[in-house]
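K.L.:
Below is the file target.pdb, which contains PDB, C-alpha atoms.
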ATOM      1  CA  MET A   1       0.000   0.000   0.000
ATOM      2  CA  GLY A   2       1.134   3.527  -0.737
ATOM      3  CA  ILE A   3       0.759   6.512   1.498
ATOM      4  CA  HIS A   4      -2.806   7.290   0.471
ATOM      5  CA  GLN A   5      -5.953   5.595   1.638
ATOM      6  CA  LEU A   6      -9.515   5.631   0.456
ATOM      7  CA  ASN A   7     -12.189   7.107   2.628
ATOM      8  CA  PRO A   8     -15.522   6.679   0.830
ATOM      9  CA  ASN A   9     -17.551   8.226   3.645
ATOM     10  CA  LYS A  10     -16.058  11.619   2.924
ATOM     11  CA  TRP A  11     -16.104  11.446  -0.840
ATOM     12  CA  ILE A  12     -19.294  13.434  -1.354
ATOM     13  CA  ASP A  13     -18.310  16.305   0.921
ATOM     14  CA  LEU A  14     -14.791  16.545  -0.385
ATOM     15  CA  TYR A  15     -14.987  15.803  -4.067
ATOM     16  CA  ALA A  16     -18.578  15.929  -5.357
ATOM     17  CA  ASP A  17     -18.408  19.577  -6.427
ATOM     18  CA  TYR A  18     -14.932  19.202  -7.875
ATOM     19  CA  LEU A  19     -15.898  16.193  -9.962
ATOM     20  CA  PHE A  20     -19.171  17.818 -10.958
ATOM     21  CA  ASN A  21     -17.381  20.908 -12.265
ATOM     22  CA  TYR A  22     -15.015  18.713 -14.203
ATOM     23  CA  ALA A  23     -17.902  16.787 -15.755
ATOM     24  CA  VAL A  24     -20.038  19.842 -16.532
ATOM     25  CA  SER A  25     -17.196  21.570 -18.321
ATOM     26  CA  ARG A  26     -16.968  18.576 -20.649
ATOM     27  CA  ILE A  27     -20.573  17.450 -20.986
ATOM     28  CA  SER A  28     -22.433  20.742 -20.557
ATOM     29  CA  ASP A  29     -25.552  18.937 -19.421
ATOM     30  CA  ALA A  30     -26.008  19.139 -15.673
ATOM     31  CA  GLU A  31     -28.244  16.065 -15.384
ATOM     32  CA  ILE A  32     -25.902  13.769 -17.297
ATOM     33  CA  ALA A  33     -22.905  15.210 -15.463
ATOM     34  CA  LYS A  34     -24.590  14.416 -12.159
ATOM     35  CA  ASP A  35     -25.208  10.841 -13.221
ATOM     36  CA  LEU A  36     -21.598  10.454 -14.314
ATOM     37  CA  VAL A  37     -20.346  11.699 -10.948
ATOM     38  CA  GLN A  38     -22.655   9.226  -9.265
ATOM     39  CA  GLU A  39     -21.375   6.399 -11.460
ATOM     40  CA  THR A  40     -17.810   7.435 -10.718
ATOM     41  CA  PHE A  41     -18.377   7.042  -7.009
ATOM     42  CA  PHE A  42     -19.931   3.611  -7.571
ATOM     43  CA  ALA A  43     -17.078   2.497  -9.793
ATOM     44  CA  GLY A  44     -14.661   3.809  -7.191
ATOM     45  CA  LEU A  45     -16.343   1.755  -4.493
ATOM     46  CA  LYS A  46     -16.373  -1.322  -6.671
ATOM     47  CA  SER A  47     -12.706  -1.174  -7.528
ATOM     48  CA  ALA A  48     -11.554   0.132  -4.165
ATOM     49  CA  LYS A  49      -9.555  -3.025  -3.623
ATOM     50  CA  ASN A  50      -7.480  -2.275  -6.716
ATOM     51  CA  TYR A  51      -6.468   1.098  -5.336
ATOM     52  CA  LYS A  52      -2.754   0.986  -4.710
ATOM     53  CA  GLY A  53      -2.462   4.261  -2.845
ATOM     54  CA  ASP A  54       0.091   5.737  -5.207
ATOM     55  CA  ALA A  55      -2.126   8.604  -6.297
ATOM     56  CA  ALA A  56      -4.177  10.888  -4.112
ATOM     57  CA  GLU A  57      -7.826   9.991  -3.750
ATOM     58  CA  ARG A  58      -8.995  12.902  -5.874
ATOM     59  CA  THR A  59      -6.613  12.140  -8.735
ATOM     60  CA  TRP A  60      -7.809   8.570  -8.724
ATOM     61  CA  LEU A  61     -11.471   9.583  -8.847
ATOM     62  CA  ILE A  62     -10.829  12.094 -11.631
ATOM     63  CA  ALA A  63      -9.149   9.336 -13.633
ATOM     64  CA  ILE A  64     -12.285   7.211 -13.312
ATOM     65  CA  LEU A  65     -14.509  10.148 -14.248
ATOM     66  CA  LYS A  66     -12.376  10.808 -17.304
ATOM     67  CA  ARG A  67     -13.086   7.274 -18.521
ATOM     68  CA  LYS A  68     -16.792   7.758 -17.820
ATOM     69  CA  VAL A  69     -16.872  10.935 -19.903
ATOM     70  CA  ILE A  70     -15.167   9.176 -22.807
ATOM     71  CA  ASP A  71     -17.571   6.252 -22.513
ATOM     72  CA  HIS A  72     -20.484   8.658 -22.536
ATOM     73  CA  TYR A  73     -19.395  10.192 -25.817
ATOM     74  CA  ARG A  74     -18.819   6.753 -27.311
ATOM     75  CA  LYS A  75     -22.298   5.690 -26.295
ATOM     76  CA  ILE A  76     -24.152   8.665 -27.745
ATOM     77  CA  ASN A  77     -22.194   8.339 -30.958
ATOM     78  CA  SER A  78     -22.871   4.658 -31.370
ATOM     79  CA  ASN A  79     -26.571   5.246 -30.723
ATOM     80  CA  LYS A  80     -26.726   7.389 -33.768
ATOM     81  CA  GLY A  81     -24.785   4.810 -35.687
ATOM     82  CA  LYS A  82     -22.355   7.372 -36.817
ATOM     83  CA  ALA A  83     -21.829  10.895 -35.732
ATOM     84  CA  GLU A  84     -23.309  13.316 -38.128
ATOM     85  CA  VAL A  85     -21.016  16.167 -38.806
ATOM     86  CA  ARG A  86     -22.522  19.029 -40.677
ATOM     87  CA  MET A  87     -20.195  21.740 -41.729
ATOM     88  CA  ASN A  88     -21.681  25.010 -42.693
ATOM     89  CA  TYR A  89     -19.215  27.641 -43.573
ATOM     90  CA  SER A  90     -21.616  30.396 -44.302
ATOM     91  CA  ALA A  91     -23.673  30.397 -41.147
ATOM     92  CA  GLY A  92     -25.647  33.519 -41.864
ATOM     93  CA  SER A  93     -27.975  33.405 -44.842
ATOM     94  CA  ASP A  94     -27.301  37.020 -45.637
ATOM     95  CA  SER A  95     -23.602  36.461 -46.204
ATOM     96  CA  GLU A  96     -23.688  35.096 -49.686
ATOM     97  CA  GLY A  97     -20.627  34.339 -51.692
ATOM     98  CA  ASP A  98     -17.245  33.122 -50.598
ATOM     99  CA  TRP A  99     -15.923  35.658 -48.201
ATOM    100  CA  LEU A 100     -12.402  34.716 -47.354
ATOM    101  CA  GLU A 101     -12.435  36.745 -44.159
ATOM    102  CA  GLU A 102     -15.049  34.460 -42.681
ATOM    103  CA  GLN A 103     -13.009  31.340 -43.171
ATOM    104  CA  VAL A 104      -9.564  32.175 -41.867
ATOM    105  CA  ALA A 105      -8.774  31.950 -38.184
ATOM    106  CA  ASP A 106      -8.700  35.224 -36.357
ATOM    107  CA  PRO A 107      -5.117  35.602 -35.098
ATOM    108  CA  PHE A 108      -6.210  38.026 -32.392
ATOM    109  CA  SER A 109      -8.943  35.834 -31.026
ATOM    110  CA  ASN A 110      -8.284  34.799 -27.448
ATOM    111  CA  LEU A 111     -11.504  32.849 -27.044
ATOM    112  CA  GLU A 112      -9.719  29.487 -27.014
ATOM    113  CA  ASN A 113      -7.198  30.602 -24.462
ATOM    114  CA  SER A 114      -9.746  32.157 -22.194
ATOM    115  CA  ALA A 115     -11.757  28.934 -22.138
ATOM    116  CA  ILE A 116      -8.689  27.019 -20.985
ATOM    117  CA  GLU A 117      -7.840  29.709 -18.505
ATOM    118  CA  ASN A 118     -11.352  29.688 -17.085
ATOM    119  CA  GLU A 119     -11.146  25.974 -16.524
ATOM    120  CA  GLU A 120      -7.866  26.332 -14.675
ATOM    121  CA  LEU A 121      -9.326  29.184 -12.695
ATOM    122  CA  GLY A 122     -12.310  27.027 -11.803
ATOM    123  CA  SER A 123     -10.162  24.246 -10.431
ATOM    124  CA  ALA A 124      -7.964  26.743  -8.600
ATOM    125  CA  ILE A 125     -11.025  28.152  -6.864
ATOM    126  CA  GLN A 126     -12.330  24.672  -6.075
ATOM    127  CA  ASN A 127      -8.950  23.808  -4.640
ATOM    128  CA  CYS A 128      -8.995  26.822  -2.359
ATOM    129  CA  LEU A 129     -12.611  26.182  -1.412
ATOM    130  CA  SER A 130     -11.803  22.665  -0.297
ATOM    131  CA  LYS A 131      -9.270  24.060   2.161
ATOM    132  CA  LEU A 132     -11.909  26.117   3.945
ATOM    133  CA  PRO A 133     -13.674  24.870   7.043
ATOM    134  CA  LYS A 134     -16.755  22.892   6.074
ATOM    135  CA  LYS A 135     -19.340  25.382   7.287
ATOM    136  CA  GLN A 136     -17.683  28.356   5.590
ATOM    137  CA  ASN A 137     -17.373  26.385   2.392
ATOM    138  CA  LEU A 138     -21.065  25.532   2.502
ATOM    139  CA  VAL A 139     -22.187  29.100   3.169
ATOM    140  CA  PHE A 140     -19.915  30.567   0.510
ATOM    141  CA  THR A 141     -21.012  27.998  -2.072
ATOM    142  CA  MET A 142     -24.688  28.562  -1.389
ATOM    143  CA  LYS A 143     -24.346  32.321  -1.455
ATOM    144  CA  THR A 144     -21.913  32.850  -4.308
ATOM    145  CA  ILE A 145     -22.266  29.913  -6.630
ATOM    146  CA  GLN A 146     -25.873  28.899  -6.148
ATOM    147  CA  GLY A 147     -26.975  32.467  -5.521
ATOM    148  CA  ILE A 148     -29.454  31.706  -2.775
ATOM    149  CA  ASN A 149     -30.515  34.819  -0.885
ATOM    150  CA  THR A 150     -29.471  35.530   2.666
ATOM    151  CA  GLU A 151     -32.787  34.853   4.309
ATOM    152  CA  ASP A 152     -33.174  31.386   2.823
ATOM    153  CA  ILE A 153     -29.670  30.345   3.777
ATOM    154  CA  CYS A 154     -30.244  31.524   7.328
ATOM    155  CA  ASN A 155     -33.438  29.518   7.535
ATOM    156  CA  GLU A 156     -31.911  26.402   6.079
ATOM    157  CA  LEU A 157     -28.759  26.403   8.194
ATOM    158  CA  ASP A 158     -30.446  27.863  11.249
ATOM    159  CA  ILE A 159     -28.081  30.788  11.762
ATOM    160  CA  ASN A 160     -28.685  34.524  12.027
ATOM    161  CA  PRO A 161     -27.660  37.008   9.315
ATOM    162  CA  SER A 162     -24.753  38.582  11.178
ATOM    163  CA  ASN A 163     -23.418  35.091  11.757
ATOM    164  CA  LEU A 164     -23.684  34.439   8.044
ATOM    165  CA  TRP A 165     -21.870  37.615   7.098
ATOM    166  CA  VAL A 166     -19.034  36.812   9.466
ATOM    167  CA  MET A 167     -18.649  33.409   7.833
ATOM    168  CA  ILE A 168     -18.816  34.944   4.355
ATOM    169  CA  HIS A 169     -16.179  37.453   5.385
ATOM    170  CA  ARG A 170     -13.835  34.776   6.701
ATOM    171  CA  ALA A 171     -14.362  32.597   3.669
ATOM    172  CA  ARG A 172     -13.714  35.466   1.275
ATOM    173  CA  THR A 173     -10.610  36.575   3.143
ATOM    174  CA  SER A 174      -9.052  33.127   3.118
ATOM    175  CA  LEU A 175     -10.023  32.624  -0.518
ATOM    176  CA  MET A 176      -8.319  35.888  -1.392
ATOM    177  CA  ASP A 177      -5.180  34.788   0.416
ATOM    178  CA  CYS A 178      -5.282  31.410  -1.253
ATOM    179  CA  LEU A 179      -5.813  32.806  -4.745
ATOM    180  CA  ASN A 180      -3.361  35.597  -4.125
ATOM    181  CA  GLN A 181      -0.348  33.710  -5.443
ATOM    182  CA  ASN A 182      -1.910  32.579  -8.677
ATOM    183  CA  TRP A 183      -4.547  34.964  -9.857
ATOM    184  CA  PHE A 184      -4.472  38.293  -8.115
ATOM    185  CA  GLN A 185      -2.319  41.022  -9.446
ATOM    186  CA  ILE A 186      -3.262  43.831  -7.125
TER     187      ILE A 186
ATOM    188  CA  MET B 187     -17.774  57.940  10.135
ATOM    189  CA  ILE B 188     -17.793  54.183  10.072
ATOM    190  CA  SER B 189     -15.177  51.800  11.378
ATOM    191  CA  CYS B 190     -13.080  49.465   9.244
ATOM    192  CA  ASP B 191     -15.035  46.478  10.553
ATOM    193  CA  LYS B 192     -18.264  48.053   9.460
ATOM    194  CA  ALA B 193     -16.697  48.937   6.128
ATOM    195  CA  ALA B 194     -15.637  45.316   5.584
ATOM    196  CA  HIS B 195     -19.177  44.199   6.312
ATOM    197  CA  LEU B 196     -20.638  46.708   3.858
ATOM    198  CA  CYS B 197     -18.034  45.722   1.314
ATOM    199  CA  ASN B 198     -19.124  42.088   1.482
ATOM    200  CA  LYS B 199     -22.747  43.109   1.317
ATOM    201  CA  SER B 200     -22.177  45.198  -1.777
ATOM    202  CA  GLN B 201     -20.452  42.230  -3.460
ATOM    203  CA  TYR B 202     -23.816  40.490  -3.352
ATOM    204  CA  LYS B 203     -25.672  43.681  -4.256
ATOM    205  CA  GLU B 204     -27.392  43.776  -0.903
ATOM    206  CA  ALA B 205     -26.093  47.116   0.303
ATOM    207  CA  THR B 206     -28.518  50.007   0.394
ATOM    208  CA  PHE B 207     -27.796  53.356  -1.196
ATOM    209  CA  ILE B 208     -26.805  54.960   2.116
ATOM    210  CA  GLU B 209     -24.528  52.041   2.920
ATOM    211  CA  LYS B 210     -22.840  52.291  -0.451
ATOM    212  CA  LEU B 211     -22.192  55.983   0.159
ATOM    213  CA  GLN B 212     -20.757  55.274   3.593
ATOM    214  CA  LEU B 213     -18.494  52.614   2.116
ATOM    215  CA  LYS B 214     -17.311  54.828  -0.739
ATOM    216  CA  PHE B 215     -16.501  57.597   1.684
ATOM    217  CA  HIS B 216     -14.571  55.251   3.942
ATOM    218  CA  LEU B 217     -12.601  53.873   0.997
ATOM    219  CA  LEU B 218     -11.544  57.388   0.096
ATOM    220  CA  ILE B 219      -9.803  57.911   3.384
ATOM    221  CA  CYS B 220      -8.678  54.375   4.272
ATOM    222  CA  LYS B 221      -5.942  52.825   2.163
ATOM    223  CA  VAL B 222      -6.109  49.366   3.750
ATOM    224  CA  CYS B 223      -9.827  49.020   3.162
ATOM    225  CA  SER B 224      -9.613  50.191  -0.422
ATOM    226  CA  VAL B 225      -7.037  47.490  -1.186
ATOM    227  CA  HIS B 226      -9.228  44.921   0.534
ATOM    228  CA  SER B 227     -12.248  46.141  -1.405
ATOM    229  CA  ALA B 228     -10.397  45.911  -4.706
ATOM    230  CA  LYS B 229      -9.385  42.334  -3.945
ATOM    231  CA  ASN B 230     -12.901  41.514  -2.897
ATOM    232  CA  SER B 231     -14.378  42.721  -6.169
ATOM    233  CA  LYS B 232     -11.687  40.829  -8.035
ATOM    234  CA  LEU B 233     -12.719  37.663  -6.212
ATOM    235  CA  THR B 234     -16.334  38.209  -7.203
ATOM    236  CA  SER B 235     -15.447  38.712 -10.841
ATOM    237  CA  LEU B 236     -13.178  35.644 -10.824
ATOM    238  CA  CYS B 237     -15.952  33.514  -9.368
ATOM    239  CA  LYS B 238     -18.294  34.771 -12.062
ATOM    240  CA  GLN B 239     -15.714  34.239 -14.784
ATOM    241  CA  ALA B 240     -15.003  30.671 -13.734
ATOM    242  CA  LYS B 241     -18.688  29.761 -14.126
ATOM    243  CA  LEU B 242     -18.568  27.444 -11.154
ATOM    244  CA  HIS B 243     -21.211  24.825 -10.701
ATOM    245  CA  SER B 244     -22.156  22.960  -7.651
ATOM    246  CA  LEU B 245     -24.496  20.201  -6.650
ATOM    247  CA  SER B 246     -27.396  21.159  -4.458
ATOM    248  CA  LYS B 247     -27.675  19.868  -0.929
ATOM    249  CA  LYS B 248     -30.519  17.575  -1.913
ATOM    250  CA  ASP B 249     -28.537  15.939  -4.713
ATOM    251  CA  LYS B 250     -25.616  15.360  -2.407
ATOM    252  CA  ALA B 251     -27.829  13.823   0.251
ATOM    253  CA  GLU B 252     -29.301  11.441  -2.311
ATOM    254  CA  MET B 253     -25.853  10.432  -3.521
ATOM    255  CA  LYS B 254     -24.715   9.903  -0.001
ATOM    256  CA  LYS B 255     -27.620   7.593   0.717
ATOM    257  CA  LEU B 256     -26.871   5.499  -2.355
ATOM    258  CA  ILE B 257     -23.193   5.237  -1.485
ATOM    259  CA  ASP B 258     -23.878   4.305   2.105
ATOM    260  CA  LYS B 259     -26.122   1.548   0.848
ATOM    261  CA  ASN B 260     -23.321   0.212  -1.321
ATOM    262  CA  ILE B 261     -20.674   0.343   1.381
ATOM    263  CA  THR B 262     -22.431  -1.978   3.756
TER     264      THR B 262
END
What would you get if you wrote out this structure as structure tokens?
P.N.:
Amino acid sequence: MGIHQLNPNKWIDLYADYLFNYAVSRISDAEIAKDLVQETFFAGLKSAKNYKGDAAERTWLIAILKRKVIDHYRKINSNKGKAEVRMNYSAGSDSEGDWLEEQVADPFSNLENSAIENEELGSAIQNCLSKLPKKQNLVFTMKTIQGINTEDICNELDINPSNLWVMIHRARTSLMDCLNQNWFQI
Amino acid sequence: MISCDKAAHLCNKSQYKEATFIEKLQLKFHLLICKVCSVHSAKNSKLTSLCKQAKLHSLSKKDKAEMKKLIDKNIT
């Protein structure tokens, strides 16, 4: 056995959001992504005895999820028999004729890079979030990512608003510190 | 005049667009005269924009609870 050990009881709390983000960024369908995360946990449980402990738990789970995502794309493609690829160069009907400008790559476009960067940013934030105390993580996630309003969060978690704002403040401060090295340039 | 603690609170509130007009004015005024808070406020807004930019997703509490139940069933 290596230095790492599996701890399935904590999987959901620790990794569910991380895996879900990973899946959503590749599948872009929240329901399917959820199912894949679920299947990943099952597969992880099933093959837990094969886990050698060389990789960290999260790396191991991501590796399983990666296979699941690939399998998913294989499945939907085989359902159709073959993937239909329709190429339409002149997307707009009003642009008739062969306009060369529309077909060459835009050298100044940074769309591709920003997509990659956003993904890295997402995992950096998730990483920092997972270092927060559990309660702060929960409050911050509900407030910032799910956008639930203050009153509802207070009711659900049974805390008062000033309590909530203190937790938000602590969470934000430690997130800032954590992201400071990589992303802040202030 | 408001204290730095109060300013930090208002700053967080305004990140979620929950600060009232008066509160925003108080905060702005404090940021004019307090260097430390204005740096903190700048970082705070940066954090908000980063979170928005990253388009984070997360599973709801209910989904997680359901998953947990299923996993617990499989462990035993």
K.L.:
Considering all atoms listed in the file, extract the chain A residues located within 9 Å of chain B and return them as a ChimeraX atom specification.
P.N.:
/A:8-9,11-13,16-18,20-21,24,30,34,38,41-42,45-46,117-123,125-126,141-147,165-166,168-169,172-173,175-176,179,183-184,186
K.L.:
Can you work out the spacing between CA of Gly44 (chain A) and CA of Glu31 (chain A) in Å, to one decimal?
P.N.:
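Computing it gives 20.0 Å between the two atoms.
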K.L.:
Calculated over all atoms listed in the file, which of the candidates A:Ile116, A:Ile62, A:Ile27, A:Val139 has the smallest distance to Asn163 (chain A)?
P.N.:
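Closest to Asn163 (chain A) of all the choices is A:Val139.
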K.L.:
Rounded to one decimal, what separation in Å do you get between CA of Val222 (chain B) and CA of Thr150 (chain A)?
P.N.:
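Computing the Euclidean distance for CA of Val222 (chain B) and CA of Thr150 (chain A) yields 27.2 Å.
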K.L.:
Name every residue that the PyMOL selection byres ((chain B and resi 193) around 12) selects in this structure, writing the answer as a PyMOL selection string with chains first and numbers rising.
P.N.:
(chain A and resi 169) or (chain B and resi 187-192+194-200+205+209-220+222-224+226-227)
K.L.:
Go ahead and save the residues from that selection, with C-alpha atoms, as a PDB file, in the frame of the given file.
P.N.:
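Output (result.pdb):
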ATOM      1  CA  HIS A 169     -16.179  37.453   5.385  1.00  0.00           C
TER       2      HIS A 169
ATOM      3  CA  MET B 187     -17.774  57.940  10.135  1.00  0.00           C
ATOM      4  CA  ILE B 188     -17.793  54.183  10.072  1.00  0.00           C
ATOM      5  CA  SER B 189     -15.177  51.800  11.378  1.00  0.00           C
ATOM      6  CA  CYS B 190     -13.080  49.465   9.244  1.00  0.00           C
ATOM      7  CA  ASP B 191     -15.035  46.478  10.553  1.00  0.00           C
ATOM      8  CA  LYS B 192     -18.264  48.053   9.460  1.00  0.00           C
ATOM      9  CA  ALA B 194     -15.637  45.316   5.584  1.00  0.00           C
ATOM     10  CA  HIS B 195     -19.177  44.199   6.312  1.00  0.00           C
ATOM     11  CA  LEU B 196     -20.638  46.708   3.858  1.00  0.00           C
ATOM     12  CA  CYS B 197     -18.034  45.722   1.314  1.00  0.00           C
ATOM     13  CA  ASN B 198     -19.124  42.088   1.482  1.00  0.00           C
ATOM     14  CA  LYS B 199     -22.747  43.109   1.317  1.00  0.00           C
ATOM     15  CA  SER B 200     -22.177  45.198  -1.777  1.00  0.00           C
ATOM     16  CA  ALA B 205     -26.093  47.116   0.303  1.00  0.00           C
ATOM     17  CA  GLU B 209     -24.528  52.041   2.920  1.00  0.00           C
ATOM     18  CA  LYS B 210     -22.840  52.291  -0.451  1.00  0.00           C
ATOM     19  CA  LEU B 211     -22.192  55.983   0.159  1.00  0.00           C
ATOM     20  CA  GLN B 212     -20.757  55.274   3.593  1.00  0.00           C
ATOM     21  CA  LEU B 213     -18.494  52.614   2.116  1.00  0.00           C
ATOM     22  CA  LYS B 214     -17.311  54.828  -0.739  1.00  0.00           C
ATOM     23  CA  PHE B 215     -16.501  57.597   1.684  1.00  0.00           C
ATOM     24  CA  HIS B 216     -14.571  55.251   3.942  1.00  0.00           C
ATOM     25  CA  LEU B 217     -12.601  53.873   0.997  1.00  0.00           C
ATOM     26  CA  LEU B 218     -11.544  57.388   0.096  1.00  0.00           C
ATOM     27  CA  ILE B 219      -9.803  57.911   3.384  1.00  0.00           C
ATOM     28  CA  CYS B 220      -8.678  54.375   4.272  1.00  0.00           C
ATOM     29  CA  VAL B 222      -6.109  49.366   3.750  1.00  0.00           C
ATOM     30  CA  CYS B 223      -9.827  49.020   3.162  1.00  0.00           C
ATOM     31  CA  SER B 224      -9.613  50.191  -0.422  1.00  0.00           C
ATOM     32  CA  HIS B 226      -9.228  44.921   0.534  1.00  0.00           C
ATOM     33  CA  SER B 227     -12.248  46.141  -1.405  1.00  0.00           C
TER      34      SER B 227
END
K.L.:
CA of Lys52 (chain A) and CA of His4 (chain A), how far apart in Å?
P.N.:
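Separating CA of His4 (chain A) from CA of Lys52 (chain A) is a distance of 8.2 Å.
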K.L.:
Tell me, as a VMD selection string, which residues lie within 9 Å of Cys154 (chain A), counting only C-alpha atoms; anything in the same chain fewer than 5 positions away does not count.
P.N.:
chain A and resid 149 159 to 161 163 to 164
